[in-house]
$ cat start_12.txt   # compact mmCIF, C-alpha atoms
# COMPACT_ATOMS: atom_id res chain seq x y z
CA MET Q 1 -21.55 14.09 -8.44
CA ALA Q 2 -22.91 11.79 -11.16
CA ILE Q 3 -19.46 11.53 -12.73
CA PHE Q 4 -17.98 10.68 -9.33
CA ARG Q 5 -20.53 7.91 -8.77
CA GLU Q 6 -19.89 6.56 -12.25
CA SER Q 7 -16.13 6.55 -11.68
CA ARG Q 8 -16.54 4.80 -8.34
CA ARG Q 9 -18.68 2.08 -9.89
CA ILE Q 10 -16.07 1.51 -12.60
CA PHE Q 11 -13.25 1.26 -10.05
CA VAL Q 12 -15.15 -1.08 -7.73
CA SER Q 13 -16.31 -3.28 -10.63
CA PHE Q 14 -12.81 -3.80 -11.97
CA PHE Q 15 -11.43 -4.23 -8.46
CA LEU Q 16 -13.88 -7.09 -7.95
CA PHE Q 17 -13.03 -8.57 -11.36
CA GLY Q 18 -9.34 -8.65 -10.40
CA LEU Q 19 -10.06 -9.96 -6.91
CA LEU Q 20 -12.37 -12.77 -8.02
CA ASN Q 21 -10.25 -13.78 -11.01
CA ASN Q 22 -6.99 -14.16 -9.10
CA ILE Q 23 -8.05 -15.30 -5.64
CA LEU Q 24 -8.47 -18.97 -6.58
CA TYR Q 25 -5.05 -18.99 -8.26
CA VAL Q 26 -3.48 -17.61 -5.08
CA ILE Q 27 -5.27 -20.04 -2.77
CA ILE Q 28 -4.25 -23.00 -4.92
CA LEU Q 29 -0.59 -21.94 -4.73
CA SER Q 30 -0.93 -21.32 -0.98
CA ALA Q 31 -2.26 -24.87 -0.64
CA ALA Q 32 0.46 -26.38 -2.83
CA ILE Q 33 2.23 -28.22 -0.03
CA ASP Q 34 -1.11 -29.59 1.23
CA LEU Q 35 -2.23 -30.75 -2.21
CA VAL Q 36 0.89 -32.70 -3.22
CA GLY Q 37 2.80 -33.15 0.04
CA SER Q 38 6.36 -32.25 0.94
CA SER Q 39 7.94 -35.04 -1.13
CA THR Q 40 6.56 -33.75 -4.44
CA PRO Q 41 8.04 -30.57 -5.99
CA LYS Q 42 5.64 -27.63 -5.68
CA ALA Q 43 6.37 -27.04 -9.36
CA VAL Q 44 3.70 -29.67 -10.05
CA VAL Q 45 1.05 -27.36 -8.66
CA LEU Q 46 2.65 -24.25 -10.16
CA LEU Q 47 2.75 -25.70 -13.67
CA ALA Q 48 -0.79 -27.09 -13.43
CA ASP Q 49 -1.93 -23.68 -12.16
CA ILE Q 50 -0.24 -21.63 -14.90
CA VAL Q 51 0.42 -23.67 -18.08
CA PRO Q 52 -3.28 -23.81 -19.15
CA ALA Q 53 -3.64 -20.08 -18.43
CA PHE Q 54 -0.49 -19.40 -20.45
CA LEU Q 55 -1.75 -21.44 -23.41
CA ILE Q 56 -5.06 -19.58 -23.34
CA LYS Q 57 -3.27 -16.22 -23.36
CA LEU Q 58 -0.80 -17.37 -26.00
CA THR Q 59 -3.49 -18.44 -28.46
CA ALA Q 60 -6.17 -15.88 -27.55
CA PRO Q 61 -5.01 -13.10 -29.94
CA PHE Q 62 -6.00 -15.40 -32.82
CA TYR Q 63 -9.58 -16.13 -31.75
CA VAL Q 64 -10.71 -14.33 -28.61
CA HIS Q 65 -12.37 -11.56 -30.63
CA LEU Q 66 -14.87 -14.20 -31.77
CA ILE Q 67 -16.18 -14.66 -28.23
CA PRO Q 68 -18.41 -11.88 -26.81
CA TYR Q 69 -17.58 -10.64 -23.35
CA HIS Q 70 -20.75 -11.93 -21.72
CA VAL Q 71 -20.06 -15.45 -23.04
CA ARG Q 72 -16.54 -15.32 -21.62
CA LEU Q 73 -18.01 -14.30 -18.27
CA TRP Q 74 -20.20 -17.40 -18.00
CA LEU Q 75 -17.27 -19.59 -19.02
CA LEU Q 76 -15.26 -18.11 -16.15
CA VAL Q 77 -17.97 -18.96 -13.62
CA LEU Q 78 -18.40 -22.51 -14.91
CA LEU Q 79 -14.71 -23.38 -15.15
CA SER Q 80 -13.67 -21.78 -11.85
CA SER Q 81 -16.39 -23.43 -9.79
CA LEU Q 82 -15.91 -26.81 -11.44
CA GLY Q 83 -12.16 -26.71 -10.90
CA MET Q 84 -12.42 -25.89 -7.21
CA LEU Q 85 -15.06 -28.57 -6.64
CA VAL Q 86 -12.80 -31.21 -8.20
CA ILE Q 87 -9.76 -30.07 -6.18
CA SER Q 88 -11.63 -30.01 -2.87
CA LEU Q 89 -13.56 -33.28 -3.25
CA ALA Q 90 -10.82 -35.41 -4.84
CA PRO Q 91 -9.40 -38.09 -2.49
CA GLU Q 92 -6.12 -37.22 -0.82
CA ILE Q 93 -4.15 -39.79 -2.80
CA ALA Q 94 -5.71 -38.80 -6.14
CA ILE Q 95 -3.05 -36.25 -7.07
CA GLY Q 96 -3.82 -36.66 -10.77
CA LEU Q 97 -7.47 -35.70 -10.21
CA LYS Q 98 -6.41 -32.69 -8.16
CA VAL Q 99 -4.07 -31.60 -10.94
CA PHE Q 100 -6.98 -31.86 -13.39
CA GLY Q 101 -9.07 -29.57 -11.18
CA ILE Q 102 -6.20 -27.10 -10.93
CA THR Q 103 -5.90 -27.17 -14.72
CA VAL Q 104 -9.58 -26.34 -15.19
CA ALA Q 105 -9.34 -23.43 -12.75
CA SER Q 106 -6.21 -22.23 -14.54
CA VAL Q 107 -8.00 -22.03 -17.89
CA SER Q 108 -10.54 -19.76 -16.23
CA SER Q 109 -7.84 -17.59 -14.67
CA GLY Q 110 -6.03 -17.05 -17.98
CA LEU Q 111 -9.20 -16.25 -19.90
CA GLY Q 112 -10.34 -13.92 -17.13
CA GLU Q 113 -7.15 -11.89 -16.93
CA LEU Q 114 -6.93 -11.16 -20.64
CA THR Q 115 -10.69 -10.50 -20.81
CA PHE Q 116 -10.74 -7.89 -18.06
CA LEU Q 117 -7.53 -6.25 -19.22
CA GLN Q 118 -9.07 -5.88 -22.66
CA LEU Q 119 -12.31 -4.61 -21.13
CA THR Q 120 -10.41 -1.72 -19.50
CA HIS Q 121 -10.07 -0.32 -23.02
CA PHE Q 122 -13.73 0.70 -22.94
CA TYR Q 123 -13.51 2.57 -19.65
CA ASN Q 124 -11.37 5.36 -18.29
CA GLU Q 125 -8.05 3.68 -17.49
CA ASP Q 126 -7.51 5.64 -14.28
CA TYR Q 127 -10.44 3.76 -12.78
CA SER Q 128 -10.63 0.53 -14.78
CA LEU Q 129 -6.94 -0.42 -14.94
CA GLY Q 130 -6.29 1.03 -11.50
CA GLY Q 131 -9.18 -0.95 -10.04
CA PHE Q 132 -8.23 -4.19 -11.78
CA SER Q 133 -4.58 -3.97 -10.71
CA SER Q 134 -5.56 -3.28 -7.12
CA GLY Q 135 -8.05 -6.14 -7.24
CA THR Q 136 -5.47 -8.64 -8.47
CA GLY Q 137 -3.12 -7.49 -5.73
CA GLY Q 138 -5.94 -7.68 -3.21
CA ALA Q 139 -6.63 -11.25 -4.34
CA GLY Q 140 -3.11 -12.22 -3.40
CA LEU Q 141 -3.31 -10.53 -0.02
CA PHE Q 142 -6.84 -11.60 0.85
CA GLY Q 143 -6.46 -15.13 -0.53
CA SER Q 144 -3.20 -15.91 1.23
CA PHE Q 145 -4.37 -14.25 4.46
CA ILE Q 146 -7.68 -16.10 4.55
CA PHE Q 147 -5.94 -19.39 3.80
CA MET Q 148 -3.34 -18.76 6.49
CA ILE Q 149 -5.96 -17.82 9.11
CA LEU Q 150 -8.40 -20.62 8.31
CA THR Q 151 -5.71 -23.31 8.26
CA ASN Q 152 -2.92 -22.07 10.59
CA VAL Q 153 -5.10 -20.38 13.22
CA VAL Q 154 -8.70 -21.68 12.96
CA GLY Q 155 -7.57 -25.17 12.02
CA LEU Q 156 -10.03 -25.94 9.21
CA GLN Q 157 -9.13 -28.78 6.92
CA VAL Q 158 -7.75 -27.64 3.58
CA TRP Q 159 -10.43 -29.40 1.53
CA ILE Q 160 -13.16 -27.49 3.38
CA VAL Q 161 -11.48 -24.15 2.63
CA LEU Q 162 -11.18 -25.07 -1.05
CA LEU Q 163 -14.82 -26.16 -1.17
CA LEU Q 164 -15.95 -22.84 0.27
CA CYS Q 165 -13.96 -21.06 -2.45
CA SER Q 166 -15.94 -22.80 -5.20
CA VAL Q 167 -18.86 -20.35 -4.76
CA SER Q 168 -16.78 -17.17 -5.13
CA PRO Q 169 -16.94 -17.08 -8.98
CA LEU Q 170 -20.65 -16.25 -8.72
CA GLY Q 171 -19.48 -12.74 -7.87
CA PHE Q 172 -18.57 -12.25 -11.54
CA ILE Q 173 -22.26 -12.36 -12.44
CA PHE Q 174 -23.30 -9.79 -9.85
CA THR Q 175 -20.46 -7.44 -10.78
CA PHE Q 176 -20.86 -7.62 -14.56
CA TYR Q 177 -24.65 -7.33 -14.67
CA GLY Q 178 -25.41 -5.45 -11.47
CA LEU Q 179 -22.54 -3.06 -10.81
CA LEU Q 180 -20.48 -2.33 -13.95
CA PRO Q 181 -21.97 0.58 -15.94
CA ALA Q 182 -23.22 -0.45 -19.37
CA TYR Q 183 -21.20 2.45 -20.67
CA SER Q 184 -19.75 5.56 -19.12
CA PRO Q 185 -19.26 9.08 -20.50
CA LEU Q 186 -15.84 8.96 -18.85
CA ALA Q 187 -15.02 5.82 -20.77
CA TYR Q 188 -15.37 7.46 -24.14
CA GLN Q 189 -14.30 11.03 -23.51
CA SER Q 190 -11.23 10.55 -25.76
CA LEU Q 191 -12.99 8.54 -28.48
CA ASP Q 192 -14.44 9.96 -31.65
CA ILE Q 193 -17.45 7.62 -31.56
CA GLU Q 194 -20.74 7.44 -29.73
CA PRO Q 195 -20.87 5.29 -26.57
CA ASP Q 196 -23.86 3.26 -27.73
CA SER Q 197 -22.13 2.25 -30.95
CA VAL Q 198 -19.08 1.13 -28.97
CA LEU Q 199 -21.25 -0.94 -26.67
CA VAL Q 200 -23.00 -2.71 -29.52
CA GLU Q 201 -20.22 -3.02 -32.06
CA GLU Q 202 -17.12 -3.49 -29.89
CA ILE Q 203 -17.89 -4.70 -26.37
CA ASN Q 204 -20.18 -7.49 -27.61
CA LYS Q 205 -18.61 -7.88 -31.02
CA SER Q 206 -18.24 -11.24 -32.71
CA PHE Q 207 -17.21 -12.10 -36.24
CA SER Q 208 -18.95 -14.58 -38.47
CA TRP Q 209 -17.20 -17.94 -38.56
CA ARG Q 210 -18.55 -18.43 -42.08
CA ASN Q 211 -16.25 -15.68 -43.33
CA LEU Q 212 -13.18 -17.70 -42.36
CA SER Q 213 -11.28 -19.81 -44.89
CA ILE Q 214 -7.91 -21.59 -44.89
CA SER Q 215 -6.22 -18.73 -46.70
CA GLY Q 216 -7.94 -16.22 -44.47
CA ILE Q 217 -6.82 -18.06 -41.33
CA LYS Q 218 -3.19 -18.16 -42.53
CA GLN Q 219 -3.27 -14.48 -43.33
CA HIS Q 220 -4.84 -13.69 -39.96
CA ILE Q 221 -2.16 -15.68 -38.09
CA GLY Q 222 0.66 -14.00 -40.00
CA ASP Q 223 -0.78 -10.53 -39.44
CA THR Q 224 -1.29 -11.23 -35.74
CA PHE Q 225 2.34 -12.26 -35.26
CA LEU Q 226 3.46 -9.03 -36.92
CA GLU Q 227 1.23 -7.04 -34.56
CA ILE Q 228 2.63 -8.81 -31.48
CA LYS Q 229 6.32 -8.39 -32.43
CA PRO Q 230 6.68 -4.65 -31.52
CA LEU Q 231 5.36 -5.39 -28.03
CA PHE Q 232 8.04 -7.91 -27.10
CA VAL Q 233 11.13 -5.87 -26.15
CA PRO Q 234 9.56 -2.82 -24.46
CA TYR Q 235 6.86 -4.63 -22.49
CA MET Q 236 6.77 -8.43 -22.66
CA LEU Q 237 10.43 -9.21 -22.01
CA PRO Q 238 10.86 -7.17 -18.80
CA LEU Q 239 7.55 -8.38 -17.35
CA SER Q 240 8.37 -12.01 -18.17
CA SER Q 241 11.81 -11.76 -16.58
CA VAL Q 242 10.41 -10.27 -13.36
CA TYR Q 243 7.90 -13.09 -13.04
CA LEU Q 244 10.51 -15.69 -13.89
CA SER Q 245 12.66 -14.46 -11.01
CA GLU Q 246 9.93 -14.12 -8.42
CA TYR Q 247 8.35 -17.50 -9.08
CA VAL Q 248 11.74 -19.20 -8.94
CA ILE Q 249 11.86 -17.72 -5.45
CA ASN Q 250 8.24 -18.43 -4.50
CA GLN Q 251 7.90 -22.04 -5.62
CA GLY Q 252 11.49 -23.21 -6.06
CA ILE Q 253 13.54 -21.60 -3.31
CA SER Q 254 11.16 -20.49 -0.55
CA PRO Q 255 10.03 -24.07 0.35
CA THR Q 256 13.67 -24.62 1.38
CA LEU Q 257 14.11 -21.31 3.26
CA LEU Q 258 13.51 -22.92 6.64
CA PHE Q 259 14.69 -22.34 10.20
CA PRO Q 260 14.51 -24.43 13.40
CA LEU Q 261 10.98 -24.31 14.79
CA HIS Q 262 12.23 -23.71 18.33
CA ASP Q 263 13.64 -20.35 17.14
CA LEU Q 264 10.24 -19.20 15.80
CA PRO Q 265 7.09 -17.93 17.60
CA ARG Q 266 4.81 -20.92 18.17
CA TRP Q 267 1.58 -18.92 17.78
CA LEU Q 268 2.34 -18.49 14.06
CA PHE Q 269 4.76 -21.30 13.19
CA SER Q 270 3.62 -24.61 14.61
CA SER Q 271 5.08 -26.61 11.70
CA TYR Q 272 7.54 -26.18 8.83
CA ARG Q 273 4.57 -26.04 6.48
CA ASP Q 274 3.44 -22.80 8.21
CA ILE Q 275 6.68 -21.04 7.21
CA TYR Q 276 5.83 -21.56 3.53
CA VAL Q 277 2.31 -20.17 4.05
CA VAL Q 278 3.61 -17.05 5.85
CA TYR Q 279 6.10 -16.40 3.04
CA GLY Q 280 3.18 -16.50 0.61
CA PHE Q 281 1.18 -14.02 2.63
CA LEU Q 282 4.02 -11.50 2.91
CA TYR Q 283 4.74 -11.76 -0.80
CA GLN Q 284 1.10 -11.09 -1.60
CA LEU Q 285 1.02 -8.14 0.80
CA GLY Q 286 3.84 -6.54 -1.17
CA VAL Q 287 2.06 -7.27 -4.44
CA PHE Q 288 -1.17 -5.66 -3.22
CA ILE Q 289 0.56 -2.46 -2.10
CA SER Q 290 2.55 -2.01 -5.30
CA ARG Q 291 -0.29 -2.94 -7.66
CA SER Q 292 -2.40 -0.29 -5.96
CA SER Q 293 0.32 2.35 -6.36
CA ILE Q 294 -1.02 3.62 -9.68
CA ASN Q 295 -4.11 4.92 -7.88
CA PHE Q 296 -1.81 7.30 -5.97
CA GLY Q 297 0.05 8.54 -9.03
CA ILE Q 298 3.20 6.45 -8.45
CA ARG Q 299 4.80 5.42 -11.74
CA ILE Q 300 8.02 3.63 -12.68
CA LYS Q 301 8.99 4.16 -16.31
CA ASN Q 302 12.08 1.96 -16.68
CA LEU Q 303 10.70 -1.57 -16.55
CA TYR Q 304 14.10 -3.23 -16.90
CA HIS Q 305 15.31 -1.79 -13.58
CA LEU Q 306 12.66 -3.90 -11.85
CA SER Q 307 13.91 -6.99 -13.70
CA ILE Q 308 17.47 -6.47 -12.45
CA LEU Q 309 16.39 -5.89 -8.86
CA GLN Q 310 14.23 -9.01 -8.86
CA PHE Q 311 17.09 -11.12 -10.21
CA ILE Q 312 19.27 -9.89 -7.34
CA ASN Q 313 16.61 -11.27 -4.99
CA VAL Q 314 16.99 -14.66 -6.67
CA LEU Q 315 20.73 -14.64 -6.00
CA VAL Q 316 20.29 -13.65 -2.34
CA THR Q 317 17.63 -16.28 -1.58
CA LEU Q 318 19.53 -18.94 -3.53
CA THR Q 319 22.62 -18.23 -1.44
CA GLN Q 320 20.55 -18.40 1.73
CA SER Q 321 19.11 -21.78 0.78
CA ALA Q 322 22.38 -23.32 -0.35
CA TYR Q 323 24.82 -21.86 2.21
CA ASP Q 324 22.59 -20.64 5.08
CA VAL Q 325 23.82 -17.06 4.66
CA PRO Q 326 23.41 -14.07 4.85
CA PHE Q 327 20.45 -14.48 7.28
CA ASN Q 328 20.74 -16.45 10.52
CA LYS Q 329 17.22 -15.48 11.61
CA ILE Q 330 13.95 -15.47 9.69
CA TRP Q 331 12.98 -11.82 10.25
CA LEU Q 332 15.12 -10.11 7.61
CA LEU Q 333 14.20 -12.84 5.16
CA LEU Q 334 10.53 -12.05 5.75
CA VAL Q 335 11.29 -8.43 4.83
CA LEU Q 336 13.03 -9.60 1.64
CA ILE Q 337 10.01 -11.70 0.62
CA PHE Q 338 7.77 -8.66 1.14
CA TYR Q 339 10.13 -6.54 -0.98
CA GLU Q 340 10.07 -9.21 -3.69
CA GLY Q 341 6.28 -8.84 -3.83
CA LEU Q 342 6.60 -5.06 -4.15
CA LEU Q 343 8.84 -5.40 -7.21
CA GLY Q 344 6.50 -7.88 -8.87
CA GLY Q 345 3.46 -5.67 -8.36
CA PHE Q 346 5.26 -2.55 -9.58
CA SER Q 347 6.29 -4.40 -12.73
CA TYR Q 348 2.76 -5.61 -13.46
CA VAL Q 349 0.87 -2.37 -12.99
CA ASN Q 350 3.45 -0.12 -14.65
CA THR Q 351 3.76 -2.41 -17.66
CA PHE Q 352 0.05 -2.35 -18.43
CA ALA Q 353 -0.27 1.34 -17.64
CA THR Q 354 2.51 2.08 -20.14
CA VAL Q 355 0.96 -0.18 -22.77
CA SER Q 356 -2.37 1.58 -22.35
CA GLU Q 357 -0.79 5.03 -22.58
CA ASN Q 358 1.39 4.26 -25.60
CA SER Q 359 -1.09 2.27 -27.67
CA PRO Q 360 -3.25 3.89 -30.35
CA ARG Q 361 -6.96 3.67 -29.51
CA ASP Q 362 -7.66 1.08 -32.19
CA ARG Q 363 -4.79 -1.15 -30.95
CA ARG Q 364 -5.19 -0.77 -27.17
CA GLU Q 365 -7.61 -3.66 -26.59
CA PHE Q 366 -5.45 -6.04 -28.65
CA ASN Q 367 -2.17 -4.91 -27.06
CA MET Q 368 -3.44 -5.29 -23.51
CA GLY Q 369 -4.50 -8.86 -24.22
CA CYS Q 370 -1.19 -9.77 -25.90
CA VAL Q 371 1.05 -8.37 -23.18
CA SER Q 372 -0.93 -10.39 -20.61
CA ILE Q 373 0.93 -13.42 -22.00
CA SER Q 374 4.14 -12.17 -20.40
CA ASP Q 375 3.61 -12.88 -16.72
CA SER Q 376 2.35 -16.39 -17.47
CA LEU Q 377 5.35 -17.05 -19.72
CA GLY Q 378 7.72 -16.12 -16.91
CA ILE Q 379 5.85 -18.33 -14.44
CA VAL Q 380 5.88 -21.32 -16.84
CA MET Q 381 9.65 -21.01 -17.27
CA ALA Q 382 10.03 -20.74 -13.49
CA GLY Q 383 7.96 -23.89 -13.03
CA CYS Q 384 10.23 -25.83 -15.36
CA ILE Q 385 13.30 -24.62 -13.46
CA ASN Q 386 11.72 -25.35 -10.08
CA TRP Q 387 11.01 -28.95 -11.01
CA TRP Q 388 14.77 -29.46 -10.72
CA LEU Q 389 15.73 -26.64 -8.36
CA GLU Q 390 13.66 -27.39 -5.25
CA PRO Q 391 14.71 -31.07 -4.92
CA THR Q 392 18.32 -30.12 -5.61
CA LEU Q 393 18.37 -27.48 -2.88
CA CYS Q 394 16.62 -29.82 -0.44
CA HIS Q 395 19.13 -32.60 -1.15
CA ARG Q 396 22.02 -30.20 -0.55
CA GLN Q 397 20.54 -29.08 2.75
CA VAL Q 398 20.00 -32.67 3.92
CA SER Q 399 23.59 -33.56 3.06
CA ASN Q 400 24.68 -30.63 5.26
CA GLY Q 401 22.60 -31.75 8.22
CA ARG Q 402 19.56 -29.53 7.63
CA ASP Q 403 16.71 -31.93 6.91
CA TRP Q 404 13.80 -29.58 7.60
CA CYS Q 405 12.76 -29.50 3.92
CA LEU Q 406 11.81 -33.19 4.24
CA ASN Q 407 9.22 -32.24 6.86
CA GLY Q 408 7.49 -29.43 4.99
CA SER Q 409 3.97 -30.71 5.69
CA SER Q 410 4.50 -31.32 9.41
$ encode --input "start_12.txt" --output "structure tokens"
Amino acid sequence: MAIFRESRRIFVSFFLFGLLNNILYVIILSAAIDLVGSSTPKAVVLLADIVPAFLIKLTAPFYVHLIPYHVRLWLLVLLSSLGMLVISLAPEIAIGLKVFGITVASVSSGLGELTFLQLTHFYNEDYSLGGFSSGTGGAGLFGSFIFMILTNVVGLQVWIVLLLCSVSPLGFIFTFYGLLPAYSPLAYQSLDIEPDSVLVEEINKSFSWRNLSISGIKQHIGDTFLEIKPLFVPYMLPLSSVYLSEYVINQGISPTLLFPLHDLPRWLFSSYRDIYVVYGFLYQLGVFISRSSINFGIRIKNLYHLSILQFINVLVTLTQSAYDVPFNKIWLLLVLIFYEGLLGGFSYVNTFATVSENSPRDRREFNMGCVSISDSLGIVMAGCINWWLEPTLCHRQVSNGRDWCLNGSS
């Protein structure tokens, strides 16, 4: 019974870490069209929401071990809350200030994801990684659903919703200090060391800055690159390609996947902007289900199959946007967006589960943090493509008599 309670606390703690870390990212993307308007490519929000996180993940293997976990936690709370306050309180025309707030929140998101993925190393992966993956999927579902309900149905102004979200990072403090076990017998059952020594020497480890020198830094950078290289082909490349495909769809193509409003149910779609929000919710629903699949023993070993299937989705949605085929109604397209989310979630959870299983104990924490670069890399590349793609597709539609993409916020 004690072991069961301990396992449950680990799962719930990491579920909350994933939920709290990703929910602001999801809400910002859901609010993209409200933050920058229909005339500005949503890639502006996507890049501001992901590039800082990507840079944090990209550089973290070289220095993150110098920052104890509890210090990282307080940084997450400070940066997340500050970012959301700036976004919500910035004047409507101050797009630059809003982008700054998104950037601050993005730094927190990137640091949080790699931190909690690394922290799973110290706990039984069935509960820690399973809980974190479900939590990140739940963030997408809960965040997009709450945003859709509060704005589409309740009718709250977007800035009020964003302001309310600025208090959510306080949940990190409660979870880390009040719910997460200090250590768990389950966490160390496969380790040849005592739990207390792990807690003191590894979880809160930090190295002395005074021991660093120019030659030592160069050697450390070179060694780190060599340690990252074996992770690229089996794990990082397939995960990056999946995220590249799905975010080309989400932020580049889906804002142009529109249908006449008179053909849609008015209780859900009162404006073209609502179509974009519903797409986001269905995508996140698929992500939540598939990221939770590991808790039910569902595993997909060939990660490249998921990459191919997701790229096929890009081709289908691109054809729909450019030529208005193969779908003449929105319903099958909604199913496709849901399926796209399933593939993305399966790729995420199965990649990190495989990394955890295949990594030696002394490399697992490092490998988990490094592979977390992959999804952000794919999203950054998608953002660069979408900067050109969305306006191009919209222009093509307008030239063919479909000007709905010009009215995305109304």
$ closest_atom_pairs --input "start_12.txt" --of "segment 106-144 of chain Q" --to "segment 294-303 of chain Q" --cutoff "10 Å" --atoms "all atoms listed in the file" --output "Markdown table"
| residue | atom | partner | partner_atom | distance |
| --- | --- | --- | --- | --- |
| Q:Asp126 | CA | Q:Asn295 | CA | 7.3 |
| Q:Tyr127 | CA | Q:Asn295 | CA | 8.1 |
| Q:Leu129 | CA | Q:Ile294 | CA | 8.9 |
| Q:Gly130 | CA | Q:Asn295 | CA | 5.7 |
| Q:Gly131 | CA | Q:Asn295 | CA | 8.1 |
| Q:Ser133 | CA | Q:Ile294 | CA | 8.4 |
| Q:Ser134 | CA | Q:Asn295 | CA | 8.4 |
$ residues_around --input "start_12.txt" --residues "segment 145-151 of chain Q" --least-positions-apart "4" --cutoff "9 Å" --atoms "only C-alpha atoms" --output "VMD selection string"
chain Q and resid 27 30 to 31 140 to 141 155 to 158 161 274 277 to 278 280 to 282 284 to 285
$ residues_around --input "start_12.txt" --residues "Leu389 of chain Q" --least-positions-apart "5" --cutoff "10 Å" --atoms "all atoms listed in the file" --output "number ranges by chain"
Q: 41, 43, 248, 251-253, 318, 382-384, 394-395
$ closest_residue --input "start_12.txt" --among "Q:Glu6, Q:Ser293, Q:Ser356, Q:Leu393" --to "Thr317 of chain Q" --atoms "only C-alpha atoms"
Q:Leu393
$ closest_residue --input "start_12.txt" --among "Q:Leu226, Q:Leu315, Q:Thr120, Q:Trp388" --to "Ala353 of chain Q" --atoms "only C-alpha atoms"
Q:Thr120
$ residues_near_point --input "start_12.txt" --point "(-2.2, -20.4, -25.3)" --cutoff "12 Å" --atoms "all atoms listed in the file" --output "PyMOL selection string"
chain Q and resi 50-64+106-107+110-111+114+369-370+372-374+376-377+380
$ write_last_selection --input "start_12.txt" --atoms "C-alpha atoms" --output "short mmCIF file (atom, residue, chain, number, x, y, z; two decimals), keeping the file's coordinate frame"
data_model
loop_
_atom_site.label_atom_id
_atom_site.label_comp_id
_atom_site.auth_asym_id
_atom_site.auth_seq_id
_atom_site.Cartn_x
_atom_site.Cartn_y
_atom_site.Cartn_z
CA ILE Q 50 -0.24 -21.63 -14.90
CA VAL Q 51 0.42 -23.67 -18.08
CA PRO Q 52 -3.28 -23.81 -19.15
CA ALA Q 53 -3.64 -20.08 -18.43
CA PHE Q 54 -0.49 -19.40 -20.45
CA LEU Q 55 -1.75 -21.44 -23.41
CA ILE Q 56 -5.06 -19.58 -23.34
CA LYS Q 57 -3.27 -16.22 -23.36
CA LEU Q 58 -0.80 -17.37 -26.00
CA THR Q 59 -3.49 -18.44 -28.46
CA ALA Q 60 -6.17 -15.88 -27.55
CA PRO Q 61 -5.01 -13.10 -29.94
CA PHE Q 62 -6.00 -15.40 -32.82
CA TYR Q 63 -9.58 -16.13 -31.75
CA VAL Q 64 -10.71 -14.33 -28.61
CA SER Q 106 -6.21 -22.23 -14.54
CA VAL Q 107 -8.00 -22.03 -17.89
CA GLY Q 110 -6.03 -17.05 -17.98
CA LEU Q 111 -9.20 -16.25 -19.90
CA LEU Q 114 -6.93 -11.16 -20.64
CA GLY Q 369 -4.50 -8.86 -24.22
CA CYS Q 370 -1.19 -9.77 -25.90
CA SER Q 372 -0.93 -10.39 -20.61
CA ILE Q 373 0.93 -13.42 -22.00
CA SER Q 374 4.14 -12.17 -20.40
CA SER Q 376 2.35 -16.39 -17.47
CA LEU Q 377 5.35 -17.05 -19.72
CA VAL Q 380 5.88 -21.32 -16.84
#
$ atom_distance --input "start_12.txt" --atom1 "atom CA of Phe288 of chain Q" --atom2 "atom CA of Thr136 of chain Q"
7.4 Å
$ residues_around --input "start_12.txt" --residues "Ala94 of chain Q" --least-positions-apart "6" --cutoff "10 Å" --atoms "all atoms listed in the file" --output "list in words"
Leu35, Val36 and Ile87 of chain Q
$ atom_distance --input "start_12.txt" --atom1 "atom CA of Asn400 of chain Q" --atom2 "atom CA of Tyr339 of chain Q"
28.8 Å
$ atom_distance --input "start_12.txt" --atom1 "atom CA of Gly137 of chain Q" --atom2 "atom CA of Arg291 of chain Q"
5.7 Å
$ closest_residue --input "start_12.txt" --among "Q:Asp375, Q:Glu92, Q:Asp403, Q:Glu390" --to "Leu237 of chain Q" --atoms "all atoms listed in the file"
Q:Asp375
$ residues_near_point --input "start_12.txt" --point "(-5.5, -1.2, -27.5)" --cutoff "12 Å" --atoms "all atoms listed in the file" --output "VMD selection string"
chain Q and resid 117 to 123 125 227 to 228 231 352 to 371
$ closest_residue --input "start_12.txt" --among "Q:Ser270, Q:Thr256, Q:Thr103, Q:Gln320" --to "Val398 of chain Q" --atoms "only C-alpha atoms"
Q:Thr256
$ closest_residue --input "start_12.txt" --among "Q:Val167, Q:Val325, Q:Leu342, Q:Ile337" --to "Leu85 of chain Q" --atoms "only C-alpha atoms"
Q:Val167
$ residues_around --input "start_12.txt" --residues "Ala139 of chain Q" --least-positions-apart "3" --cutoff "9 Å" --atoms "only C-alpha atoms" --output "list in words"
Gly18, Leu19, Leu20, Asn21, Asn22, Ile23, Leu24, Tyr25, Val26, Ser134, Gly135, Thr136, Phe142, Gly143, Ser144, Gln284 and Phe288 of chain Q
$ closest_residue --input "start_12.txt" --among "Q:Arg8, Q:Arg396, Q:His65, Q:Lys98" --to "Val86 of chain Q" --atoms "only C-alpha atoms"
Q:Lys98
